[in-house]
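Structure data follow from my_file10.cif (mmCIF, C-alpha atoms):
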```
data_target
loop_
_atom_site.label_atom_id
_atom_site.label_comp_id
_atom_site.auth_asym_id
_atom_site.auth_seq_id
_atom_site.Cartn_x
_atom_site.Cartn_y
_atom_site.Cartn_z
CA MET E 1072 -35.89 6.14 -24.34
CA ASP E 1073 -34.69 8.53 -27.03
CA HIS E 1074 -35.96 9.22 -30.55
CA VAL E 1075 -33.95 6.40 -32.14
CA ASP E 1076 -35.05 3.93 -29.44
CA ARG E 1077 -38.69 4.80 -30.21
CA ILE E 1078 -38.20 4.26 -33.94
CA ILE E 1079 -36.49 0.92 -33.35
CA ALA E 1080 -39.25 -0.18 -30.95
CA GLN E 1081 -41.87 0.74 -33.55
CA TRP E 1082 -40.08 -1.24 -36.26
CA ASN E 1083 -39.61 -4.20 -33.92
CA LYS E 1084 -43.37 -4.18 -33.30
CA ALA E 1085 -44.38 -3.55 -36.91
CA ARG E 1086 -41.84 -5.91 -38.49
CA PRO E 1087 -40.43 -8.32 -35.89
CA ASP E 1088 -39.01 -10.39 -38.74
CA LEU E 1089 -36.47 -7.65 -39.58
CA ASP E 1090 -33.12 -7.17 -37.84
CA VAL E 1091 -33.12 -3.36 -37.53
CA GLY E 1092 -29.91 -3.22 -35.49
CA PRO E 1093 -28.05 -1.42 -38.28
CA MET E 1094 -30.88 1.13 -38.47
CA GLU E 1095 -30.24 1.99 -34.83
CA ILE E 1096 -26.51 2.59 -35.37
CA ILE E 1097 -26.97 4.52 -38.59
CA GLY E 1098 -29.81 6.53 -37.07
CA ARG E 1099 -27.65 7.51 -34.11
CA LEU E 1100 -24.73 8.43 -36.38
CA SER E 1101 -27.03 10.52 -38.55
CA CYS E 1102 -28.60 12.34 -35.61
CA MET E 1103 -25.21 12.93 -34.04
CA ALA E 1104 -23.75 14.25 -37.32
CA THR E 1105 -26.61 16.75 -37.54
CA LYS E 1106 -26.08 17.91 -33.94
CA LEU E 1107 -22.31 18.18 -34.33
CA ARG E 1108 -22.60 20.10 -37.60
CA SER E 1109 -25.10 22.51 -36.04
CA GLU E 1110 -22.71 23.37 -33.23
CA MET E 1111 -19.76 23.76 -35.58
CA ASP E 1112 -21.90 25.96 -37.86
CA LYS E 1113 -22.40 28.33 -34.92
CA THR E 1114 -18.65 28.60 -34.42
CA TRP E 1115 -17.99 29.24 -38.11
CA LYS E 1116 -20.78 31.80 -38.29
CA ALA E 1117 -19.23 33.72 -35.38
CA HIS E 1118 -16.23 34.24 -37.68
CA GLY E 1119 -18.31 35.12 -40.74
CA LEU E 1120 -17.72 31.71 -42.27
CA ASN E 1121 -19.68 28.63 -43.24
CA ALA E 1122 -18.55 25.03 -43.70
CA ALA E 1123 -17.42 25.64 -47.30
CA SER E 1124 -15.41 28.79 -46.62
CA PHE E 1125 -13.90 27.29 -43.46
CA ASP E 1126 -12.88 24.21 -45.46
CA VAL E 1127 -10.97 26.23 -48.07
CA LEU E 1128 -9.30 28.55 -45.56
CA ALA E 1129 -8.36 25.66 -43.27
CA THR E 1130 -6.97 23.67 -46.20
CA LEU E 1131 -4.80 26.61 -47.25
CA ARG E 1132 -3.64 27.18 -43.66
CA ARG E 1133 -2.72 23.59 -42.88
CA SER E 1134 -1.06 22.93 -46.25
CA GLY E 1135 2.26 24.34 -45.10
CA LYS E 1136 2.56 26.23 -48.38
CA PRO E 1137 2.52 29.98 -47.65
CA ASP E 1138 2.71 30.77 -51.38
CA GLY E 1139 -0.62 29.01 -51.83
CA LEU E 1140 -2.10 25.99 -53.56
CA SER E 1141 -3.14 25.49 -57.14
CA PRO E 1142 -6.87 25.03 -57.74
CA GLY E 1143 -6.11 21.37 -58.53
CA GLU E 1144 -4.38 20.87 -55.20
CA LEU E 1145 -7.34 22.47 -53.44
CA LEU E 1146 -9.67 20.12 -55.30
CA ASP E 1147 -7.64 17.09 -54.24
CA LEU E 1148 -7.53 18.18 -50.61
CA THR E 1149 -11.20 19.13 -50.29
CA MET E 1150 -12.86 16.61 -52.62
CA VAL E 1151 -15.36 18.95 -54.28
CA THR E 1152 -16.04 19.55 -57.98
CA SER E 1153 -14.10 22.16 -59.90
CA GLY E 1154 -17.21 24.30 -60.36
CA THR E 1155 -17.89 24.23 -56.64
CA MET E 1156 -14.27 25.13 -55.88
CA THR E 1157 -14.30 28.01 -58.37
CA ASN E 1158 -17.40 29.41 -56.69
CA ARG E 1159 -15.86 29.07 -53.23
CA ILE E 1160 -12.67 30.79 -54.33
CA ASP E 1161 -14.60 33.59 -56.06
CA GLN E 1162 -16.59 34.26 -52.88
CA LEU E 1163 -13.47 34.28 -50.71
CA VAL E 1164 -11.66 36.61 -53.14
CA LYS E 1165 -14.63 39.02 -53.00
CA ARG E 1166 -14.39 39.01 -49.21
CA GLY E 1167 -10.64 39.64 -49.29
CA LEU E 1168 -9.80 36.36 -47.52
CA VAL E 1169 -7.84 34.77 -50.38
CA GLU E 1170 -6.16 36.02 -53.51
CA ARG E 1171 -5.15 34.58 -56.85
CA VAL E 1172 -1.44 35.00 -57.59
CA PRO E 1173 0.66 33.86 -60.57
CA ASN E 1174 2.04 30.35 -60.27
CA PRO E 1175 5.84 30.56 -60.64
CA GLU E 1176 5.92 26.91 -61.80
CA ASP E 1177 3.15 27.30 -64.40
CA LYS E 1178 3.00 30.63 -66.24
CA ARG E 1179 -0.55 29.85 -67.41
CA GLY E 1180 -1.80 29.00 -63.94
CA PHE E 1181 -2.26 30.65 -60.60
CA LEU E 1182 -2.16 29.84 -56.92
CA ILE E 1183 -4.73 30.56 -54.27
CA ARG E 1184 -3.28 31.94 -51.06
CA LEU E 1185 -4.54 33.44 -47.85
CA THR E 1186 -4.50 37.21 -47.51
CA GLU E 1187 -3.44 38.70 -44.18
CA THR E 1188 -7.12 39.04 -43.33
CA GLY E 1189 -7.77 35.45 -44.38
CA PHE E 1190 -4.86 34.20 -42.31
CA ALA E 1191 -6.07 36.08 -39.23
CA THR E 1192 -9.63 34.85 -39.80
CA ILE E 1193 -8.67 31.18 -40.04
CA GLU E 1194 -6.28 31.44 -37.10
CA ASP E 1195 -9.11 32.67 -34.87
CA ALA E 1196 -11.73 30.37 -36.39
CA VAL E 1197 -9.70 27.16 -36.17
CA GLY E 1198 -8.86 27.79 -32.52
CA ASP E 1199 -12.54 28.24 -31.71
CA HIS E 1200 -13.45 25.28 -33.94
CA VAL E 1201 -11.13 22.96 -32.03
CA GLU E 1202 -12.49 24.30 -28.74
CA THR E 1203 -16.03 23.56 -29.97
CA GLN E 1204 -15.00 20.02 -30.92
CA HIS E 1205 -13.47 19.45 -27.48
CA HIS E 1206 -16.67 20.74 -25.89
CA LEU E 1207 -18.78 18.40 -28.03
CA LEU E 1208 -16.73 15.36 -27.00
CA ARG E 1209 -16.45 16.32 -23.33
CA GLY E 1210 -18.75 13.45 -22.35
CA LEU E 1211 -16.23 10.86 -23.48
CA SER E 1212 -13.14 9.81 -21.58
CA PRO E 1213 -9.90 9.83 -23.60
CA ALA E 1214 -10.09 6.03 -23.84
CA GLU E 1215 -13.72 6.14 -25.02
CA ALA E 1216 -12.86 8.78 -27.61
CA GLU E 1217 -9.98 6.63 -28.86
CA ASP E 1218 -12.21 3.53 -29.02
CA LEU E 1219 -14.94 5.42 -30.87
CA ASN E 1220 -12.41 6.81 -33.33
CA LYS E 1221 -11.04 3.31 -34.01
CA LEU E 1222 -14.53 1.89 -34.52
CA LEU E 1223 -15.53 4.70 -36.88
CA LYS E 1224 -12.30 4.31 -38.83
CA THR E 1225 -12.89 0.56 -39.15
CA LEU E 1226 -16.48 1.13 -40.27
CA ASP E 1227 -15.34 3.72 -42.82
CA GLU E 1228 -12.69 1.37 -44.24
CA ARG E 1229 -15.15 -1.52 -44.52
CA VAL E 1230 -17.94 0.55 -46.04
CA ASN E 1231 -15.49 2.01 -48.56
CA SER E 1232 -14.07 -1.42 -49.42
CA ASP E 1233 -17.60 -2.76 -49.92
CA SER E 1234 -18.90 0.25 -51.84
CA GLY E 1235 -18.25 -1.39 -55.19
CA THR E 1236 -20.31 -4.46 -54.33
CA ASN E 1237 -23.93 -5.06 -53.59
CA SER E 1238 -24.19 -7.19 -50.45
CA ARG E 1239 -27.64 -8.45 -51.48
CA GLU E 1240 -26.37 -10.17 -54.62
#
```
Any chance you could give the structure as structure tokens?
Amino acid sequence: MDHVDRIIAQWNKARPDLDVGPMEIIGRLSCMATKLRSEMDKTWKAHGLNAASFDVLATLRRSGKPDGLSPGELLDLTMVTSGTMTNRIDQLVKRGLVERVPNPEDKRGFLIRLTETGFATIEDAVGDHVETQHHLLRGLSPAEAEDLNKLLKTLDERVNSDSGTNSRE
């Protein structure tokens, strides 16, 4: 019996009238997300990064645009606020991992691009990050991993489609 099982058993005893099945699934997802994030944090830290800096560097690397991305494009691809993105960029510029360069398509704007150091950092970090992810999922067969991914995708789509409605109304 794990931590979630104990919580569910307690609720079943305290409130047998409630169907706490969803609590069990959400509790397990929450606990697992915390564990996964902790392990990935260790990998990022080994490269002098955190989740935020990894996110920006990885977005720039995978974009396929060696000249860089505009701040707006980075915002769209990372889904953070403009103030948060400005802070992330400022910190990465200070560390020499990214640079601001003039945008040839918008004389008033600029692009954010990886420096050589930033490129080398994300190349090493993303390789280790993927290795960490493989290690974390090692307990699942390929078929189980595929099934879990499909279920999580379905759940995400349904939660997002229902997010504008209140199911209790």
Name all residues at most 10 Å from segment 1126-1140 of chain E (count all atoms listed in the file; drop same-chain ones fewer than 6 positions away) and give them as a PDB file with C-alpha atoms, in the frame of the given file.
```pdb
ATOM      1  CA  LEU E1120     -17.720  31.710 -42.270  1.00  0.00           C
ATOM      2  CA  LEU E1146      -9.670  20.120 -55.300  1.00  0.00           C
ATOM      3  CA  LEU E1148      -7.530  18.180 -50.610  1.00  0.00           C
ATOM      4  CA  THR E1149     -11.200  19.130 -50.290  1.00  0.00           C
ATOM      5  CA  MET E1156     -14.270  25.130 -55.880  1.00  0.00           C
ATOM      6  CA  ARG E1159     -15.860  29.070 -53.230  1.00  0.00           C
ATOM      7  CA  ILE E1160     -12.670  30.790 -54.330  1.00  0.00           C
ATOM      8  CA  LEU E1163     -13.470  34.280 -50.710  1.00  0.00           C
ATOM      9  CA  LEU E1168      -9.800  36.360 -47.520  1.00  0.00           C
ATOM     10  CA  VAL E1169      -7.840  34.770 -50.380  1.00  0.00           C
ATOM     11  CA  GLU E1170      -6.160  36.020 -53.510  1.00  0.00           C
ATOM     12  CA  ARG E1171      -5.150  34.580 -56.850  1.00  0.00           C
ATOM     13  CA  VAL E1172      -1.440  35.000 -57.590  1.00  0.00           C
ATOM     14  CA  PRO E1173       0.660  33.860 -60.570  1.00  0.00           C
ATOM     15  CA  ASN E1174       2.040  30.350 -60.270  1.00  0.00           C
ATOM     16  CA  PRO E1175       5.840  30.560 -60.640  1.00  0.00           C
ATOM     17  CA  PHE E1181      -2.260  30.650 -60.600  1.00  0.00           C
ATOM     18  CA  LEU E1182      -2.160  29.840 -56.920  1.00  0.00           C
ATOM     19  CA  ILE E1183      -4.730  30.560 -54.270  1.00  0.00           C
ATOM     20  CA  ARG E1184      -3.280  31.940 -51.060  1.00  0.00           C
ATOM     21  CA  LEU E1185      -4.540  33.440 -47.850  1.00  0.00           C
ATOM     22  CA  GLY E1189      -7.770  35.450 -44.380  1.00  0.00           C
ATOM     23  CA  PHE E1190      -4.860  34.200 -42.310  1.00  0.00           C
ATOM     24  CA  THR E1192      -9.630  34.850 -39.800  1.00  0.00           C
ATOM     25  CA  ILE E1193      -8.670  31.180 -40.040  1.00  0.00           C
ATOM     26  CA  GLU E1194      -6.280  31.440 -37.100  1.00  0.00           C
ATOM     27  CA  ALA E1196     -11.730  30.370 -36.390  1.00  0.00           C
ATOM     28  CA  VAL E1197      -9.700  27.160 -36.170  1.00  0.00           C
TER      29      VAL E1197
END
```
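The two atoms in question, atom CA of Met1111 of chain E and atom CA of Leu1211 of chain E, are spaced 18.0 Å apart.
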Resolved residues for the PyMOL selection byres ((chain E and resi 1201-1210) around 10) as a PyMOL selection string: chain E and resi 1106-1107+1110-1111+1113-1114+1196-1200+1211-1213+1215-1216
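Using all atoms listed in the file, the protein and nucleic acid residues lying no more than 10 Å from segment 1075-1081 of chain E, apart from those fewer than 6 places from it along its own chain, are Pro1087, Asp1090, Val1091, Gly1092, Met1094, Glu1095, Ile1096, Ile1097, Gly1098, Arg1099 and Cys1102 of chain E.
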Mind giving me the straight-line distance from atom CA of Val1151 of chain E to atom CA of Ala1123 of chain E in Å, one decimal? 9.9 Å
Identify which of the residues E:Thr1157, E:Asp1073, E:Ser1234, E:His1118 lies closest to Gly1143 of chain E, counting only C-alpha atoms when measuring atom-to-atom distances. E:Thr1157
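In this model, the gap between atom CA of Gly1119 of chain E and atom CA of Asp1195 of chain E comes to 11.2 Å.
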Let me have the centre and edge lengths in Å, one decimal, of the box along x, y and z around every listed atom of segment 1220-1235 of chain E with 8 Å of margin on each side, as AutoDock Vina command-line options.
```
--center_x -15.0 --center_y 2.0 --center_z -44.3 --size_x 23.9 --size_y 25.6 --size_z 37.9
```
Can you rebuild segment 1215-1233 of chain E with N, CA, C and O atoms and give it as a PDB file, in the frame of the given file?
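Result went into rebuild_20.pdb, see below:
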```
ATOM      1  N   GLU E1215     -12.490   6.309 -24.242  1.00  0.00           N
ATOM      2  CA  GLU E1215     -13.720   6.140 -25.020  1.00  0.00           C
ATOM      3  C   GLU E1215     -13.609   6.852 -26.364  1.00  0.00           C
ATOM      4  O   GLU E1215     -14.045   6.319 -27.392  1.00  0.00           O
ATOM      5  N   ALA E1216     -13.036   8.048 -26.357  1.00  0.00           N
ATOM      6  CA  ALA E1216     -12.860   8.780 -27.610  1.00  0.00           C
ATOM      7  C   ALA E1216     -11.959   8.002 -28.559  1.00  0.00           C
ATOM      8  O   ALA E1216     -12.232   7.913 -29.760  1.00  0.00           O
ATOM      9  N   GLU E1217     -10.893   7.422 -28.033  1.00  0.00           N
ATOM     10  CA  GLU E1217      -9.980   6.630 -28.860  1.00  0.00           C
ATOM     11  C   GLU E1217     -10.684   5.393 -29.414  1.00  0.00           C
ATOM     12  O   GLU E1217     -10.549   5.066 -30.600  1.00  0.00           O
ATOM     13  N   ASP E1218     -11.464   4.713 -28.565  1.00  0.00           N
ATOM     14  CA  ASP E1218     -12.210   3.530 -29.020  1.00  0.00           C
ATOM     15  C   ASP E1218     -13.218   3.901 -30.095  1.00  0.00           C
ATOM     16  O   ASP E1218     -13.338   3.195 -31.108  1.00  0.00           O
ATOM     17  N   LEU E1219     -13.948   4.984 -29.882  1.00  0.00           N
ATOM     18  CA  LEU E1219     -14.940   5.420 -30.870  1.00  0.00           C
ATOM     19  C   LEU E1219     -14.253   5.753 -32.191  1.00  0.00           C
ATOM     20  O   LEU E1219     -14.723   5.367 -33.266  1.00  0.00           O
ATOM     21  N   ASN E1220     -13.143   6.454 -32.119  1.00  0.00           N
ATOM     22  CA  ASN E1220     -12.410   6.810 -33.330  1.00  0.00           C
ATOM     23  C   ASN E1220     -11.972   5.555 -34.090  1.00  0.00           C
ATOM     24  O   ASN E1220     -12.099   5.484 -35.315  1.00  0.00           O
ATOM     25  N   LYS E1221     -11.465   4.563 -33.369  1.00  0.00           N
ATOM     26  CA  LYS E1221     -11.040   3.310 -34.010  1.00  0.00           C
ATOM     27  C   LYS E1221     -12.218   2.599 -34.668  1.00  0.00           C
ATOM     28  O   LYS E1221     -12.101   2.094 -35.783  1.00  0.00           O
ATOM     29  N   LEU E1222     -13.342   2.549 -33.964  1.00  0.00           N
ATOM     30  CA  LEU E1222     -14.530   1.890 -34.520  1.00  0.00           C
ATOM     31  C   LEU E1222     -15.028   2.614 -35.771  1.00  0.00           C
ATOM     32  O   LEU E1222     -15.377   1.979 -36.776  1.00  0.00           O
ATOM     33  N   LEU E1223     -15.073   3.939 -35.719  1.00  0.00           N
ATOM     34  CA  LEU E1223     -15.530   4.700 -36.880  1.00  0.00           C
ATOM     35  C   LEU E1223     -14.575   4.542 -38.054  1.00  0.00           C
ATOM     36  O   LEU E1223     -15.008   4.440 -39.207  1.00  0.00           O
ATOM     37  N   LYS E1224     -13.287   4.505 -37.775  1.00  0.00           N
ATOM     38  CA  LYS E1224     -12.300   4.310 -38.830  1.00  0.00           C
ATOM     39  C   LYS E1224     -12.473   2.925 -39.464  1.00  0.00           C
ATOM     40  O   LYS E1224     -12.442   2.781 -40.686  1.00  0.00           O
ATOM     41  N   THR E1225     -12.668   1.916 -38.646  1.00  0.00           N
ATOM     42  CA  THR E1225     -12.890   0.560 -39.150  1.00  0.00           C
ATOM     43  C   THR E1225     -14.153   0.505 -39.994  1.00  0.00           C
ATOM     44  O   THR E1225     -14.151  -0.067 -41.094  1.00  0.00           O
ATOM     45  N   LEU E1226     -15.228   1.109 -39.506  1.00  0.00           N
ATOM     46  CA  LEU E1226     -16.480   1.130 -40.270  1.00  0.00           C
ATOM     47  C   LEU E1226     -16.275   1.833 -41.602  1.00  0.00           C
ATOM     48  O   LEU E1226     -16.707   1.337 -42.645  1.00  0.00           O
ATOM     49  N   ASP E1227     -15.596   2.977 -41.595  1.00  0.00           N
ATOM     50  CA  ASP E1227     -15.340   3.720 -42.820  1.00  0.00           C
ATOM     51  C   ASP E1227     -14.553   2.869 -43.820  1.00  0.00           C
ATOM     52  O   ASP E1227     -14.896   2.808 -45.005  1.00  0.00           O
ATOM     53  N   GLU E1228     -13.510   2.208 -43.350  1.00  0.00           N
ATOM     54  CA  GLU E1228     -12.690   1.370 -44.240  1.00  0.00           C
ATOM     55  C   GLU E1228     -13.521   0.234 -44.834  1.00  0.00           C
ATOM     56  O   GLU E1228     -13.421  -0.042 -46.025  1.00  0.00           O
ATOM     57  N   ARG E1229     -14.353  -0.391 -44.031  1.00  0.00           N
ATOM     58  CA  ARG E1229     -15.150  -1.520 -44.520  1.00  0.00           C
ATOM     59  C   ARG E1229     -16.255  -1.077 -45.460  1.00  0.00           C
ATOM     60  O   ARG E1229     -16.515  -1.740 -46.464  1.00  0.00           O
ATOM     61  N   VAL E1230     -16.905   0.038 -45.144  1.00  0.00           N
ATOM     62  CA  VAL E1230     -17.940   0.550 -46.040  1.00  0.00           C
ATOM     63  C   VAL E1230     -17.317   0.948 -47.377  1.00  0.00           C
ATOM     64  O   VAL E1230     -17.861   0.645 -48.442  1.00  0.00           O
ATOM     65  N   ASN E1231     -16.153   1.608 -47.323  1.00  0.00           N
ATOM     66  CA  ASN E1231     -15.490   2.010 -48.560  1.00  0.00           C
ATOM     67  C   ASN E1231     -14.999   0.816 -49.362  1.00  0.00           C
ATOM     68  O   ASN E1231     -15.057   0.836 -50.585  1.00  0.00           O
ATOM     69  N   SER E1232     -14.540  -0.237 -48.685  1.00  0.00           N
ATOM     70  CA  SER E1232     -14.070  -1.420 -49.420  1.00  0.00           C
ATOM     71  C   SER E1232     -15.236  -2.195 -50.019  1.00  0.00           C
ATOM     72  O   SER E1232     -15.081  -2.863 -51.016  1.00  0.00           O
ATOM     73  N   ASP E1233     -16.406  -2.077 -49.417  1.00  0.00           N
ATOM     74  CA  ASP E1233     -17.600  -2.760 -49.920  1.00  0.00           C
ATOM     75  C   ASP E1233     -18.414  -1.919 -50.882  1.00  0.00           C
ATOM     76  O   ASP E1233     -19.384  -2.411 -51.453  1.00  0.00           O
TER      77      ASP E1233
END
```
